[in-house]
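One file, structure_12.cif, is given below (mmCIF, C-alpha atoms).
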```cif
data_model
loop_
_atom_site.label_atom_id
_atom_site.label_comp_id
_atom_site.auth_asym_id
_atom_site.auth_seq_id
_atom_site.Cartn_x
_atom_site.Cartn_y
_atom_site.Cartn_z
CA MET A 1 0.00 0.00 0.00
CA GLU A 2 1.33 3.40 -0.98
CA ILE A 3 0.99 6.31 1.42
CA GLU A 4 0.67 9.75 -0.08
CA ILE A 5 2.17 12.55 1.96
CA THR A 6 0.39 15.87 1.61
CA LYS A 7 0.76 19.32 3.12
CA GLY A 8 -1.90 21.55 4.59
CA SER A 9 -5.42 20.70 5.67
CA VAL A 10 -6.83 17.22 5.30
CA TYR A 11 -9.75 18.91 3.55
CA ASN A 12 -7.42 20.01 0.74
CA SER A 13 -6.55 16.38 0.08
CA LEU A 14 -10.09 15.06 0.19
CA HIS A 15 -12.19 17.78 -1.47
CA ASP A 16 -12.17 20.36 -4.18
CA SER A 17 -10.65 23.72 -3.32
CA LYS A 18 -13.94 25.49 -2.55
CA THR A 19 -15.20 22.72 -0.26
CA ALA A 20 -11.80 22.47 1.40
CA LYS A 21 -11.82 26.19 2.22
CA GLU A 22 -15.35 26.02 3.60
CA MET A 23 -14.63 22.97 5.75
CA ALA A 24 -11.38 24.47 7.07
CA THR A 25 -13.27 27.67 7.96
CA LYS A 26 -15.96 25.69 9.76
CA ALA A 27 -13.32 23.70 11.64
CA GLU A 28 -11.71 26.91 12.91
CA LEU A 29 -15.09 28.28 14.03
CA VAL A 30 -15.93 25.03 15.83
CA ARG A 31 -12.51 25.06 17.47
CA LYS A 32 -13.37 28.46 18.95
CA ILE A 33 -16.80 27.23 20.10
CA ILE A 34 -15.12 24.27 21.83
CA ALA A 35 -12.59 26.57 23.52
CA ILE A 36 -15.42 28.72 24.89
CA GLN A 37 -17.37 25.66 26.03
CA LYS A 38 -14.33 24.35 27.91
CA SER A 39 -13.43 27.73 29.43
CA ARG A 40 -16.98 28.06 30.79
CA SER A 41 -17.27 24.38 31.79
CA LEU A 42 -20.50 24.02 29.81
CA THR A 43 -22.12 20.69 29.09
CA GLN A 44 -23.27 20.07 25.53
CA ALA A 45 -26.88 20.58 26.68
CA GLN A 46 -26.00 23.92 28.32
CA LEU A 47 -24.08 24.99 25.23
CA GLY A 48 -27.04 24.00 23.07
CA ASP A 49 -29.41 26.11 25.16
CA ILE A 50 -27.18 29.14 24.66
CA ILE A 51 -26.61 28.70 20.92
CA GLY A 52 -30.08 27.43 20.01
CA MET A 53 -29.22 23.84 19.09
CA ASN A 54 -30.27 20.57 20.65
CA GLN A 55 -27.66 18.48 22.46
CA ALA A 56 -27.46 15.84 19.71
CA ASP A 57 -26.71 18.47 17.04
CA VAL A 58 -24.16 20.14 19.33
CA SER A 59 -22.47 16.77 19.88
CA ARG A 60 -22.25 16.08 16.14
CA MET A 61 -20.88 19.54 15.42
CA LEU A 62 -18.24 19.34 18.17
CA LYS A 63 -17.12 15.94 16.90
CA GLY A 64 -16.45 17.39 13.44
CA ASN A 65 -19.67 16.39 11.70
CA PHE A 66 -20.54 19.94 10.64
CA ARG A 67 -20.95 19.67 6.89
CA SER A 68 -24.66 20.53 7.19
CA VAL A 69 -24.09 23.45 9.60
CA ALA A 70 -23.86 26.74 7.72
CA VAL A 71 -21.02 29.14 8.44
CA GLY A 72 -23.69 31.74 9.25
CA LYS A 73 -25.14 29.46 11.93
CA MET A 74 -21.68 29.04 13.44
CA LEU A 75 -21.24 32.82 13.50
CA ASP A 76 -24.63 33.09 15.23
CA CYS A 77 -23.43 30.52 17.78
CA LEU A 78 -20.36 32.61 18.52
CA THR A 79 -22.33 35.84 18.94
CA SER A 80 -24.70 33.97 21.27
CA LEU A 81 -21.57 33.08 23.27
CA ASN A 82 -20.82 36.80 23.70
CA GLN A 83 -18.22 36.98 20.92
CA ASP A 84 -17.79 39.87 18.53
CA ILE A 85 -17.15 38.98 14.90
CA GLU A 86 -15.38 41.20 12.40
CA ILE A 87 -15.32 40.36 8.71
CA ILE A 88 -12.67 42.06 6.61
CA VAL A 89 -12.83 41.87 2.82
CA LYS A 90 -9.68 42.92 1.00
CA PRO A 91 -8.07 42.28 -2.37
CA HIS A 92 -6.16 39.01 -2.70
CA ALA A 93 -2.39 39.39 -3.03
CA VAL A 94 -2.30 37.82 -6.50
CA GLU A 95 -4.55 39.38 -9.13
CA HIS A 96 -6.92 36.97 -10.95
CA GLU A 97 -6.38 34.28 -8.33
CA VAL A 98 -9.17 33.00 -6.08
CA GLY A 99 -9.07 34.66 -2.66
CA ASP A 100 -8.52 32.94 0.67
CA ILE A 101 -10.63 32.71 3.81
CA HIS A 102 -8.91 32.87 7.18
CA VAL A 103 -10.40 32.68 10.65
CA VAL A 104 -8.35 34.40 13.32
CA ALA A 105 -9.64 33.93 16.85
CA ALA A 106 -8.54 36.34 19.54
CA ILE A 107 -7.22 34.79 22.73
CA ALA A 108 -9.49 35.65 25.61
#
```
Would you mind writing the file out in structure tokens?
Amino acid sequence: MEIEITKGSVYNSLHDSKTAKEMATKAELVRKIIAIQKSRSLTQAQLGDIIGMNQADVSRMLKGNFRSVAVGKMLDCLTSLNQDIEIIVKPHAVEHEVGDIHVVAAIA
């Protein structure tokens, strides 16, 4: 069996570029939600009450099964958790190339 070594996100290896960017963005947002949950010692049910999701959906999302969760919903979750969100749109460094999406979470 041959093993292919790749660089970057696992999503880049498994999906097309657009899907890879979306999944990587969602993963970063979920990572922040998990950090907040842990810092506040919230159960999944308590977290769900705050962000408007049932415990089963919260569990799936936190385990990485978030394909069906929209980025907008994740942003709503974060604002429900008392987080401010800033979106900056700027020209990509290379003209005529598809832009990038980056999530930068401030350390609380």
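Rounded to one decimal, CA of Met74 in chain A and CA of Lys90 in chain A lie 22.2 Å from each other.
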Per residue of range 74-98 of chain A within 12 Å of range 46-55 of chain A, which atom pair is closest and at what distance in Å (one decimal), using only C-alpha atoms, listed by chain and increasing number, as CSV?
```
residue,atom,partner,partner_atom,distance
A:Met74,CA,A:Ile51,CA,9.0
A:Leu75,CA,A:Ile51,CA,10.0
A:Asp76,CA,A:Ile51,CA,7.5
A:Cys77,CA,A:Ile51,CA,4.8
A:Leu78,CA,A:Ile51,CA,7.8
A:Thr79,CA,A:Ile51,CA,8.6
A:Ser80,CA,A:Ile51,CA,5.6
A:Leu81,CA,A:Ile50,CA,7.0
A:Asn82,CA,A:Ile50,CA,10.0
A:Gln83,CA,A:Ile51,CA,11.8
```
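Selection result for the displayed file, with the PyMOL selection byres ((chain A and resi 33-36) around 8) as criterion, is Leu29, Val30, Arg31, Lys32, Gln37, Lys38, Ser39, Arg40, Leu62, Cys77, Leu78 and Leu81 of chain A.
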Return the padded bounding box of range 40-45 of chain A as AutoDock Vina command-line options: axis-aligned, built from all atoms listed in the file, 8 Å added on each side, with centre and edge lengths in Å to one decimal.
```
--center_x -21.9 --center_y 24.1 --center_z 28.7 --size_x 25.9 --size_y 24.0 --size_z 22.3
```
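Considering only C-alpha atoms, the residue among A:Ile85, A:Val104, A:Val94, A:Ala56 positioned nearest to Ala27 in chain A is A:Val104.
Distance-wise, CA of Ser59 in chain A and CA of Val71 in chain A end up 16.9 Å apart.
Separating CA of Gln44 in chain A from CA of Val58 in chain A is a distance of 6.3 Å.
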Kindly resolve the PyMOL selection byres ((chain A and resi 89) around 12) on the present coordinates and return the residues as a list in words.
Glu86, Ile87, Ile88, Lys90, Pro91, His92, Gly99, Asp100, Ile101 and His102 of chain A
Dump as an mmCIF file, in the coordinates of the input, selection limited to C-alpha atoms:
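Below you can see again38.cif, which holds the result:
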```cif
data_model
loop_
_atom_site.group_PDB
_atom_site.id
_atom_site.type_symbol
_atom_site.label_atom_id
_atom_site.label_comp_id
_atom_site.auth_asym_id
_atom_site.auth_seq_id
_atom_site.Cartn_x
_atom_site.Cartn_y
_atom_site.Cartn_z
ATOM 1 C CA GLU A 86 -15.380 41.200 12.400
ATOM 2 C CA ILE A 87 -15.320 40.360 8.710
ATOM 3 C CA ILE A 88 -12.670 42.060 6.610
ATOM 4 C CA LYS A 90 -9.680 42.920 1.000
ATOM 5 C CA PRO A 91 -8.070 42.280 -2.370
ATOM 6 C CA HIS A 92 -6.160 39.010 -2.700
ATOM 7 C CA GLY A 99 -9.070 34.660 -2.660
ATOM 8 C CA ASP A 100 -8.520 32.940 0.670
ATOM 9 C CA ILE A 101 -10.630 32.710 3.810
ATOM 10 C CA HIS A 102 -8.910 32.870 7.180
#
```
